[in-house]
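A.B. asks: Structure file structure_31.cif, mmCIF, C-alpha atoms, is pasted below:
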```cif
data_work
#
loop_
_atom_site.label_atom_id
_atom_site.label_comp_id
_atom_site.auth_asym_id
_atom_site.auth_seq_id
_atom_site.Cartn_x
_atom_site.Cartn_y
_atom_site.Cartn_z
CA MET A 1 -2.54 -16.78 28.45
CA GLY A 2 -4.90 -16.34 25.45
CA LYS A 3 -4.51 -17.49 21.89
CA SER A 4 -1.71 -16.09 19.77
CA LYS A 5 -3.01 -13.85 16.97
CA VAL A 6 -1.48 -13.77 13.49
CA LEU A 7 -2.28 -11.18 10.81
CA ILE A 8 -1.69 -12.50 7.28
CA LEU A 9 -0.86 -9.66 4.87
CA ASP A 10 -1.90 -9.95 1.20
CA ALA A 11 -3.99 -12.97 2.10
CA ASP A 12 -5.83 -12.98 -1.26
CA GLY A 13 -3.91 -15.82 -2.95
CA THR A 14 -3.92 -19.59 -2.63
CA GLN A 15 -0.80 -19.63 -0.43
CA SER A 16 -2.81 -18.07 2.39
CA LEU A 17 -5.20 -21.05 2.49
CA PRO A 18 -2.82 -23.78 3.79
CA ILE A 19 -1.06 -21.19 5.98
CA ALA A 20 -4.35 -20.18 7.63
CA GLU A 21 -5.45 -23.81 7.91
CA SER A 22 -2.23 -24.82 9.63
CA LEU A 23 -2.29 -21.90 12.06
CA HIS A 24 -5.94 -22.53 12.90
CA SER A 25 -5.19 -26.22 13.57
CA HIS A 26 -2.57 -25.15 16.11
CA GLY A 27 -5.03 -22.99 18.04
CA ILE A 28 -3.91 -19.66 16.59
CA GLU A 29 -6.41 -16.91 15.78
CA VAL A 30 -5.96 -15.90 12.15
CA HIS A 31 -6.68 -12.41 10.78
CA GLY A 32 -6.28 -11.28 7.17
CA PHE A 33 -5.65 -8.15 5.09
CA PHE A 34 -7.11 -8.45 1.57
CA HIS A 35 -7.25 -6.28 -1.53
CA ALA A 36 -10.76 -7.42 -2.45
CA LYS A 37 -13.53 -9.66 -1.17
CA MET A 38 -13.59 -11.62 -4.42
CA CYS A 39 -10.43 -13.70 -4.03
CA TYR A 40 -9.30 -17.06 -2.63
CA GLY A 41 -8.49 -16.05 0.91
CA TYR A 42 -11.43 -13.87 1.91
CA ALA A 43 -14.00 -16.68 1.99
CA SER A 44 -11.82 -19.12 3.95
CA ARG A 45 -13.37 -20.42 7.14
CA TYR A 46 -10.00 -20.28 8.88
CA PHE A 47 -9.94 -16.48 9.16
CA THR A 48 -11.45 -15.03 12.33
CA LYS A 49 -11.35 -11.43 11.08
CA ARG A 50 -10.91 -9.87 7.64
CA ARG A 51 -10.18 -6.37 6.38
CA VAL A 52 -10.09 -5.09 2.80
CA ILE A 53 -7.18 -2.66 2.30
CA LYS A 54 -7.30 -0.44 -0.78
CA ALA A 55 -4.06 1.46 -0.06
CA GLY A 56 -0.87 0.88 -2.05
CA TYR A 57 2.35 -0.41 -0.52
CA GLY A 58 3.50 2.74 1.20
CA GLU A 59 3.21 4.85 4.33
CA ASN A 60 -0.58 4.52 4.53
CA TYR A 61 -0.41 0.73 4.44
CA VAL A 62 2.15 0.73 7.28
CA GLN A 63 -0.09 2.98 9.35
CA GLN A 64 -3.05 0.66 8.81
CA ILE A 65 -0.96 -2.35 9.87
CA ILE A 66 0.14 -0.59 13.06
CA GLY A 67 -3.38 0.61 13.81
CA TYR A 68 -4.82 -2.87 13.37
CA ILE A 69 -2.05 -4.45 15.47
CA LYS A 70 -2.78 -2.08 18.36
CA LYS A 71 -6.56 -2.50 18.15
CA ASP A 72 -6.62 -6.30 17.90
CA SER A 73 -3.46 -7.14 19.90
CA ILE A 74 -1.78 -8.97 16.99
CA ASP A 75 1.31 -10.97 17.96
CA VAL A 76 2.77 -11.84 14.53
CA ILE A 77 2.40 -10.53 10.97
CA PHE A 78 3.01 -12.92 8.07
CA PRO A 79 3.39 -11.38 4.55
CA MET A 80 2.31 -13.49 1.57
CA GLY A 81 3.21 -11.37 -1.49
CA ASP A 82 6.50 -9.97 -2.82
CA LEU A 83 5.50 -6.32 -2.47
CA VAL A 84 4.18 -6.58 1.07
CA ALA A 85 7.21 -8.68 2.06
CA GLU A 86 9.42 -5.85 0.80
CA LEU A 87 7.26 -3.32 2.66
CA VAL A 88 7.63 -5.18 5.96
CA CYS A 89 11.38 -5.47 5.39
CA LYS A 90 11.79 -1.81 4.43
CA PHE A 91 9.75 -0.51 7.39
CA GLN A 92 10.80 -3.15 9.91
CA ASP A 93 12.17 -0.60 12.37
CA ARG A 94 8.75 1.10 12.42
CA LEU A 95 6.92 -2.20 12.96
CA ARG A 96 9.12 -4.04 15.47
CA PRO A 97 7.97 -2.07 18.56
CA TYR A 98 4.44 -3.41 17.99
CA VAL A 99 4.64 -6.90 16.48
CA ARG A 100 6.86 -9.89 15.67
CA PHE A 101 7.80 -11.05 12.15
CA VAL A 102 10.69 -12.68 10.29
CA THR A 103 12.65 -10.85 7.59
CA PRO A 104 16.25 -10.28 6.50
CA ASP A 105 17.71 -6.78 6.62
CA TYR A 106 16.84 -4.59 3.66
CA GLN A 107 20.23 -4.90 1.93
CA SER A 108 20.03 -8.71 2.03
CA PHE A 109 16.44 -8.56 0.79
CA ARG A 110 17.40 -6.45 -2.22
CA GLU A 111 20.37 -8.66 -3.10
CA GLY A 112 18.09 -11.69 -3.23
CA TYR A 113 15.05 -10.05 -4.80
CA ASP A 114 16.96 -8.16 -7.52
CA LYS A 115 17.31 -10.78 -10.26
CA ASN A 116 20.40 -9.15 -11.74
CA LYS A 117 22.22 -8.95 -8.40
CA LEU A 118 21.25 -12.55 -7.63
CA MET A 119 22.91 -13.78 -10.83
CA HIS A 120 26.16 -12.02 -9.89
CA ILE A 121 26.04 -13.68 -6.45
CA CYS A 122 25.48 -17.07 -8.10
CA LYS A 123 28.52 -16.46 -10.28
CA LYS A 124 30.63 -15.45 -7.29
CA CYS A 125 29.55 -18.59 -5.38
CA ASN A 126 30.04 -20.84 -8.45
CA ILE A 127 26.37 -21.91 -8.41
CA PRO A 128 24.78 -22.84 -11.79
CA HIS A 129 22.82 -19.96 -13.31
CA PRO A 130 22.02 -18.57 -16.77
CA ARG A 131 24.58 -16.29 -18.41
CA THR A 132 23.50 -12.71 -17.63
CA ILE A 133 24.50 -9.27 -18.96
CA ASP A 134 23.83 -6.18 -16.82
CA LEU A 135 22.42 -3.59 -19.22
CA SER A 136 22.95 -0.78 -16.73
CA ILE A 137 26.72 -1.07 -17.24
CA CYS A 138 26.83 -2.65 -20.71
CA SER A 139 25.41 -0.91 -23.77
CA ILE A 140 23.34 -2.79 -26.34
CA ASN A 141 26.13 -2.30 -28.90
CA GLU A 142 28.49 -4.20 -26.60
CA VAL A 143 26.19 -7.24 -26.32
CA ASP A 144 27.63 -10.21 -28.20
CA ASP A 145 25.37 -12.20 -30.51
CA GLU A 146 26.13 -15.54 -28.82
CA ILE A 147 23.68 -14.82 -25.99
CA PHE A 148 20.65 -14.84 -28.32
CA PRO A 149 17.91 -15.97 -28.06
CA ALA A 150 17.65 -14.23 -24.72
CA LEU A 151 15.20 -12.79 -22.22
CA LEU A 152 15.15 -9.09 -21.45
CA LYS A 153 14.25 -8.94 -17.75
CA PRO A 154 13.58 -6.04 -15.39
CA ASN A 155 15.85 -6.37 -12.35
CA ILE A 156 12.82 -6.03 -10.06
CA THR A 157 9.56 -7.59 -11.21
CA THR A 158 6.82 -9.97 -10.04
CA GLY A 159 4.91 -12.64 -11.90
CA GLY A 160 7.08 -12.43 -15.01
CA ARG A 161 5.90 -8.90 -15.82
CA GLY A 162 8.07 -7.12 -18.36
CA MET A 163 10.05 -10.20 -19.35
CA THR A 164 10.42 -10.20 -23.13
CA MET A 165 11.95 -12.69 -25.54
CA VAL A 166 14.48 -11.17 -27.97
CA ARG A 167 16.17 -13.18 -30.71
CA THR A 168 18.49 -10.57 -32.19
CA LYS A 169 20.24 -7.38 -31.15
CA LYS A 170 17.80 -5.47 -33.37
CA GLU A 171 14.81 -6.89 -31.45
CA LEU A 172 16.52 -5.90 -28.21
CA GLU A 173 16.96 -2.34 -29.45
CA ASN A 174 13.28 -2.16 -30.44
CA VAL A 175 11.87 -3.12 -27.04
CA PHE A 176 14.50 -1.98 -24.55
CA GLU A 177 13.40 1.64 -24.08
CA SER A 178 9.74 0.82 -23.43
CA ILE A 179 10.58 -1.94 -20.92
CA HIS A 180 13.21 0.21 -19.21
CA THR A 181 10.83 3.17 -18.98
CA GLN A 182 8.08 1.06 -17.42
CA TYR A 183 10.11 -1.21 -15.12
CA GLY A 184 13.51 0.39 -14.55
CA ASP A 185 16.97 -1.18 -14.89
CA CYS A 186 17.11 -4.42 -16.86
CA HIS A 187 19.44 -7.28 -17.66
CA LEU A 188 19.74 -9.69 -20.57
CA GLN A 189 19.74 -13.39 -19.82
CA GLU A 190 20.33 -16.39 -22.03
CA PHE A 191 17.12 -18.25 -22.78
CA ILE A 192 17.10 -21.80 -21.47
CA GLN A 193 15.47 -24.03 -24.06
CA SER A 194 12.56 -26.27 -23.09
CA GLY A 195 13.05 -29.93 -22.32
CA GLY A 196 14.48 -29.73 -18.81
CA ARG A 197 12.76 -29.93 -15.44
CA GLN A 198 11.39 -26.90 -13.63
CA ILE A 199 11.99 -27.00 -9.90
CA LYS A 200 10.92 -24.95 -6.90
CA ALA A 201 12.77 -25.03 -3.57
CA GLN A 202 11.76 -23.48 -0.26
CA LEU A 203 14.17 -22.88 2.60
CA PHE A 204 13.79 -21.36 6.05
CA VAL A 205 17.06 -20.22 7.62
CA ASP A 206 17.76 -18.52 10.94
CA LYS A 207 19.83 -15.40 11.53
CA GLN A 208 23.05 -17.45 11.71
CA GLY A 209 22.33 -19.17 8.39
CA LYS A 210 21.26 -22.48 9.92
CA LEU A 211 18.76 -24.39 7.80
CA LEU A 212 15.59 -25.01 9.82
CA CYS A 213 13.38 -26.46 7.09
CA SER A 214 13.49 -27.19 3.36
CA SER A 215 11.33 -28.64 0.61
CA VAL A 216 11.69 -29.21 -3.14
CA MET A 217 8.95 -29.53 -5.77
CA HIS A 218 9.02 -30.71 -9.36
CA LYS A 219 6.70 -28.56 -11.53
CA GLN A 220 5.31 -31.21 -13.86
CA ARG A 221 2.74 -28.99 -15.57
CA PHE A 222 2.29 -25.25 -15.73
CA TYR A 223 0.10 -22.70 -17.47
CA PRO A 224 0.89 -21.07 -19.81
CA GLU A 225 2.74 -24.17 -20.99
CA LYS A 226 5.87 -22.21 -21.93
CA GLY A 227 6.77 -21.21 -18.39
CA GLY A 228 3.74 -20.13 -16.41
CA SER A 229 2.38 -20.84 -12.94
CA SER A 230 2.47 -24.39 -11.61
CA SER A 231 -0.70 -26.38 -12.27
CA CYS A 232 0.67 -29.73 -11.07
CA ASN A 233 3.68 -30.30 -8.85
CA THR A 234 5.05 -33.10 -6.68
CA THR A 235 7.41 -32.94 -3.72
CA ILE A 236 10.80 -34.59 -4.28
CA ILE A 237 14.08 -34.96 -2.41
CA ASP A 238 17.08 -33.18 -3.95
CA ASN A 239 19.81 -32.36 -1.45
CA ASN A 240 22.04 -30.80 -4.10
CA VAL A 241 19.37 -28.21 -4.92
CA VAL A 242 18.93 -27.41 -1.22
CA ASP A 243 22.70 -27.11 -0.71
CA ASN A 244 23.08 -24.69 -3.65
CA CYS A 245 20.18 -22.54 -2.49
CA LEU A 246 21.48 -22.54 1.07
CA THR A 247 24.90 -21.36 -0.19
CA ILE A 248 23.22 -18.34 -1.80
CA LEU A 249 21.15 -17.48 1.29
CA ARG A 250 24.23 -17.64 3.50
CA ALA A 251 26.17 -15.46 1.06
CA ILE A 252 23.57 -12.68 1.27
CA LYS A 253 22.90 -13.23 5.02
CA TRP A 254 19.22 -14.05 4.52
CA GLU A 255 16.86 -14.75 7.41
CA GLY A 256 13.45 -16.44 7.14
CA ILE A 257 11.64 -17.95 4.16
CA ALA A 258 12.91 -17.91 0.57
CA ASP A 259 11.41 -19.63 -2.47
CA PHE A 260 13.73 -20.44 -5.40
CA ASP A 261 12.85 -21.06 -9.04
CA LEU A 262 15.26 -23.31 -10.94
CA ILE A 263 15.27 -24.61 -14.51
CA GLU A 264 17.25 -27.57 -15.86
CA ASP A 265 19.29 -26.61 -18.92
CA PRO A 266 19.07 -29.41 -21.55
CA LYS A 267 22.48 -28.35 -22.88
CA ASP A 268 24.40 -29.39 -19.77
CA GLY A 269 21.80 -31.03 -17.50
CA LYS A 270 22.40 -28.50 -14.70
CA LEU A 271 19.61 -27.06 -12.59
CA LYS A 272 20.15 -23.31 -12.73
CA ILE A 273 18.87 -20.78 -10.22
CA MET A 274 16.60 -18.22 -11.88
CA GLU A 275 15.20 -16.11 -9.03
CA ILE A 276 14.29 -15.84 -5.36
CA ASN A 277 10.76 -15.08 -4.22
CA PRO A 278 10.97 -13.58 -0.70
CA ARG A 279 7.91 -15.42 0.65
CA VAL A 280 5.99 -18.69 0.54
CA PRO A 281 4.91 -19.61 -3.02
CA ALA A 282 1.32 -20.09 -4.17
CA CYS A 283 1.89 -23.85 -4.33
CA ILE A 284 3.19 -24.18 -0.73
CA LYS A 285 0.36 -26.56 0.21
CA SER A 286 2.18 -29.65 -1.10
CA ALA A 287 5.21 -28.83 1.07
CA ILE A 288 3.08 -28.26 4.17
CA LYS A 289 1.10 -31.49 3.63
CA SER A 290 4.38 -33.36 3.13
CA GLY A 291 5.62 -32.35 6.60
CA ALA A 292 7.31 -28.97 6.05
CA ASP A 293 4.95 -26.82 8.10
CA TYR A 294 6.29 -23.35 7.31
CA ALA A 295 3.28 -21.70 8.95
CA GLU A 296 3.92 -23.15 12.39
CA LEU A 297 7.70 -22.71 12.00
CA TYR A 298 7.36 -19.03 11.03
CA VAL A 299 5.21 -18.19 14.06
CA ASP A 300 7.28 -20.21 16.54
CA TYR A 301 10.49 -18.65 15.25
CA ALA A 302 9.03 -15.14 15.39
CA LEU A 303 7.83 -15.68 18.98
CA CYS A 304 11.10 -17.38 20.04
CA ASN A 305 9.23 -20.59 20.91
CA LYS A 306 10.88 -23.99 20.93
CA LEU A 307 11.16 -25.20 17.32
CA LYS A 308 10.11 -28.61 16.06
CA ASP A 309 11.92 -30.65 13.42
CA TYR A 310 10.26 -30.50 10.02
CA HIS A 311 11.04 -32.87 7.14
CA SER A 312 9.39 -32.76 3.73
CA LYS A 313 8.55 -36.18 2.32
CA PRO A 314 8.48 -37.01 -1.41
CA GLY A 315 5.42 -37.95 -3.45
CA TYR A 316 2.92 -35.30 -2.31
CA MET A 317 1.10 -33.98 -5.37
CA LEU A 318 -0.68 -30.64 -5.73
CA ARG A 319 -2.98 -29.71 -8.62
CA HIS A 320 -4.59 -26.35 -9.41
CA ILE A 321 -8.04 -27.08 -10.87
CA GLY A 322 -8.32 -23.83 -12.83
CA PHE A 323 -4.84 -23.91 -14.34
CA GLU A 324 -5.07 -27.65 -15.04
CA PHE A 325 -8.26 -27.07 -17.04
CA LEU A 326 -6.59 -24.29 -19.05
CA TRP A 327 -3.51 -26.48 -19.58
CA PHE A 328 -5.68 -29.34 -20.86
CA MET A 329 -7.50 -27.07 -23.28
CA SER A 330 -4.28 -25.64 -24.75
CA SER A 331 -1.71 -28.45 -24.62
CA LYS A 332 -1.03 -30.93 -27.40
CA ASN A 333 0.33 -33.32 -24.75
CA ARG A 334 -2.96 -33.61 -22.87
CA LEU A 335 -3.25 -37.37 -23.42
CA ARG A 336 0.42 -38.26 -22.91
CA THR A 337 1.45 -36.35 -19.82
CA THR A 338 2.98 -37.69 -16.61
CA PRO A 339 1.38 -37.84 -14.10
CA SER A 340 -1.89 -38.54 -15.88
CA TRP A 341 -4.19 -35.55 -16.14
CA PHE A 342 -7.08 -37.91 -15.38
CA ARG A 343 -5.86 -38.80 -11.89
CA PHE A 344 -8.29 -36.86 -9.71
CA TRP A 345 -7.91 -38.59 -6.35
CA GLY A 346 -5.52 -40.81 -4.44
CA ALA A 347 -3.12 -40.90 -1.52
CA HIS A 348 -1.18 -37.65 -1.00
CA LEU A 349 -3.06 -35.81 -3.77
CA TYR A 350 -4.30 -32.31 -2.90
CA TYR A 351 -5.75 -29.31 -4.72
CA GLN A 352 -4.22 -25.86 -4.51
CA ASP A 353 -7.48 -24.00 -5.06
CA PHE A 354 -10.01 -26.38 -3.48
CA SER A 355 -10.61 -28.29 -0.24
CA LEU A 356 -13.70 -30.13 0.91
CA LYS A 357 -13.03 -28.78 4.41
CA ASP A 358 -12.92 -25.20 3.08
CA PRO A 359 -14.77 -25.09 -0.29
CA LEU A 360 -15.83 -21.43 -0.63
CA PRO A 361 -12.41 -19.97 -1.57
CA PHE A 362 -12.51 -21.89 -4.86
CA PHE A 363 -15.44 -19.87 -6.15
CA GLY A 364 -14.10 -16.42 -5.20
CA GLY A 365 -10.63 -17.17 -6.52
CA THR A 366 -11.88 -18.73 -9.76
CA PHE A 367 -14.04 -15.69 -10.47
CA GLU A 368 -11.07 -13.41 -9.79
CA ASN A 369 -8.90 -15.42 -12.21
CA ILE A 370 -11.54 -15.26 -14.95
CA VAL A 371 -11.68 -11.47 -14.59
CA LYS A 372 -7.88 -11.32 -14.83
CA LEU A 373 -7.77 -13.49 -17.94
CA MET A 374 -10.30 -11.21 -19.62
CA SER A 375 -8.03 -8.20 -19.02
CA PRO A 376 -5.89 -7.34 -22.12
CA SER A 377 -3.25 -5.66 -19.94
CA PHE A 378 -2.87 -8.75 -17.74
CA ARG A 379 -2.58 -11.09 -20.75
CA LYS A 380 0.00 -8.80 -22.33
CA SER A 381 2.09 -8.71 -19.13
CA LYS A 382 2.24 -12.53 -19.18
CA SER A 383 2.99 -13.01 -22.89
CA GLY A 384 6.51 -11.63 -23.18
CA THR A 385 8.36 -14.97 -23.04
CA ARG A 386 6.27 -16.77 -25.67
#
```
Mind turning this structure into structure tokens?

C.D. replies:
Amino acid sequence: MGKSKVLILDADGTQSLPIAESLHSHGIEVHGFFHAKMCYGYASRYFTKRRVIKAGYGENYVQQIIGYIKKDSIDVIFPMGDLVAELVCKFQDRLRPYVRFVTPDYQSFREGYDKNKLMHICKKCNIPHPRTIDLSICSINEVDDEIFPALLKPNITTGGRGMTMVRTKKELENVFESIHTQYGDCHLQEFIQSGGRQIKAQLFVDKQGKLLCSSVMHKQRFYPEKGGSSSCNTTIIDNNVVDNCLTILRAIKWEGIADFDLIEDPKDGKLKIMEINPRVPACIKSAIKSGADYAELYVDYALCNKLKDYHSKPGYMLRHIGFEFLWFMSSKNRLRTTPSWFRFWGAHLYYQDFSLKDPLPFFGGTFENIVKLMSPSFRKSKSGTR
């Protein structure tokens, strides 16, 4: 029997690098779909074959997946991004005759991915979460002033796009129509003040809701500093976080990987669930290096192979060189941060965007990020919560 073949979809980002590395180390042939050659994933030495796909996330993309699967005898597809994860879930009946993958049913996917629905599920399960008002059933006039300052959030969004800080009902009235027109239904959520920890948790559950693997990370630095992408994180052990997240996944009958964002509220000290990302996060490398090999688990589960036991260990640090540089340039806490910004090497310290074993992705991804940061539309989409 020949090597298993895995096609990574939306393999542009940094999360594809440790996934491809892990699969390659286990003798699996790794293929990738990319949106451009100038990105992190395309230059990685761990990909056997690469294809640039210009199509959007619709019928044409599905046809290209099926065509590629047939031509190259792909065994498993592994989506990296939110939109392609939703595509695979939505068109799973079309794809299953040709290839294996892991996804919940579409109703479960939407209940987890829709930030407004997720908050209602948290409330029903008595899991800590920010107070939330559904603006599709509550008019702005009915919103009470106690919720301000608050975040106006599209129910479905990625990367914080469309999220806008509002401090009064008047500010909400001024921005609501434009956000609603661009992003669809929205909700209003109390703003959690800074000062608490930001946590990420990853869980992999089977169809019966059994937890197969979990990991928790403490985001110690992020860029932008007021709630951006992780630039430095460390794996920790927090069974209470895992238990709360598992309760939610079981409530919505989730199957496969889910990544949770949580923020600690300084007012009551509770870690509150903010959202579910239906895929591995960009900073998954620290979890994989700590012992939670989601790449191998995903493929073995999809192929119905015997599963190994995976246990994430604490103390594995991951830094993003590009974001750490930007954080240092902008933060007033640059000389009094923990862990020290000047710790560049040591046991269990890894880099999200660089590896001596696979150095070329750093250059393609860094160039792509510079181009993004020069785009006014991209900067505007990321500035709403400041």

A.B. asks: Which neighbours of range 347-351 of chain A fall inside 10 Å, counting all atoms listed in the file, when residues of the same chain fewer than 5 positions from it are skipped, and could you give them as a list in words?

C.D. replies: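 Near range 347-351 of chain A, the qualifying residues are Ser231, Cys232, Thr234, Cys283, Lys285, Ser286, Lys289, Ser290, Pro314, Gly315, Tyr316, Met317, Leu318, Arg319, His320, Ile321 and Leu356 of chain A.
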
A.B. asks: Name the closest residue to Tyr61 in chain A among the candidates A:Leu17, A:Cys304, A:Leu83, A:Leu373; distances are taken between atoms, counting all atoms listed in the file.

C.D. replies: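 For Tyr61 in chain A, the nearest of the given residues is A:Leu83.
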
A.B. asks: Which residue out of A:Pro18, A:Pro281, A:Gly81, A:Gly227 has the minimum interatomic distance to Lys357 in chain A when all atoms listed in the file are used?

C.D. replies: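 For Lys357 in chain A, the nearest of the given residues is A:Pro18.
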
A.B. asks: Take the PyMOL selection byres ((chain A and resi 131) around 7), apply it to the structure above, and return the hits as a PyMOL selection string.

C.D. replies: chain A and resi 129-130+132+189-190

A.B. asks: Taking the file as shown, what set of residues would the PyMOL selection byres ((chain A and resi 298) around 10) give back, as number ranges by chain?

C.D. replies: A: 76-78, 101-102, 204, 256-257, 293-297, 299-304, 307

A.B. asks: Leaving out Asn239 in chain A and any residue of its chain fewer than 5 positions from it, which residues lie within 10 Å of it when counting only C-alpha atoms, given as a list in words?

C.D. replies: Ser214, Ser215, Val216, Asn244 and Cys245 of chain A

A.B. asks: What's around Asn277 in chain A at 7 Å? Count only C-alpha atoms, leave out sequence neighbours fewer than 2 positions away in its own chain, and write the answer as a PyMOL selection string.

C.D. replies: chain A and resi 82+113+258-260+275+279

A.B. asks: Would you translate the PyMOL selection byres ((chain A and resi 4) around 6) into the concrete set of residues it matches in this file, as a PDB file with C-alpha atoms, in the coordinates of the input?

C.D. replies:
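The result, stored in result-v4.pdb:
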```
ATOM      1  CA  LYS A   3      -4.510 -17.490  21.890  1.00  0.00           C
ATOM      2  CA  LYS A   5      -3.010 -13.850  16.970  1.00  0.00           C
ATOM      3  CA  ILE A  28      -3.910 -19.660  16.590  1.00  0.00           C
TER       4      ILE A  28
END
```

A.B. asks: Work out how far CA of Gln182 in chain A is from CA of Lys170 in chain A, in Å to one decimal.

C.D. replies: 19.8 Å

A.B. asks: Can you measure CA of Tyr183 in chain A to CA of Met165 in chain A for me? One decimal in Å is fine.

C.D. replies: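 Those two atoms sit 15.6 Å apart.
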
A.B. asks: Could you give me, as a ChimeraX atom specification, the residues within 10 Å of Tyr57 in chain A, counting only C-alpha atoms and dropping anything in the same chain fewer than 4 positions from it?

C.D. replies: /A:61-62,83-88

A.B. asks: What is the distance between CA of Trp327 in chain A and CA of Met374 in chain A, in Å to one decimal?

C.D. replies: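 Between CA of Trp327 in chain A and CA of Met374 in chain A the gap is 16.7 Å.
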
A.B. asks: Go through A:Tyr42, A:His24, A:Glu177, A:Ile276 one by one, measure the shortest atom-to-atom distance of each to Thr158 in chain A using all atoms listed in the file, and give the residue with the smallest value.

C.D. replies: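 So, comparing all the options, the nearest one is A:Ile276.
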
A.B. asks: Counting all atoms listed in the file, find residues at most 12 Å from (27.4, -7.3, -24.6) (file frame) and give them as a list in words.

C.D. replies: Arg131, Thr132, Ile133, Asp134, Leu135, Ser136, Ile137, Cys138, Ser139, Ile140, Asn141, Glu142, Val143, Asp144, Asp145, Glu146, Ile147, Phe148, Ala150, Lys169, Leu172, His187, Leu188, Gln189 and Glu190 of chain A

A.B. asks: Would you kindly return, as a PyMOL selection string, each protein, DNA or RNA residue with an atom no farther than 6 Å from any atom of Tyr223 in chain A, considering only C-alpha atoms and excluding same-chain residues fewer than 3 positions away?

C.D. replies: chain A and resi 228-229+323+327

A.B. asks: Calculated over all atoms listed in the file, which of the candidates A:Ile192, A:Ala201, A:Leu335, A:Val280 has the smallest distance to Glu264 in chain A?

C.D. replies: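 Checking each candidate against Glu264 in chain A, we get A:Ile192 as the closest.
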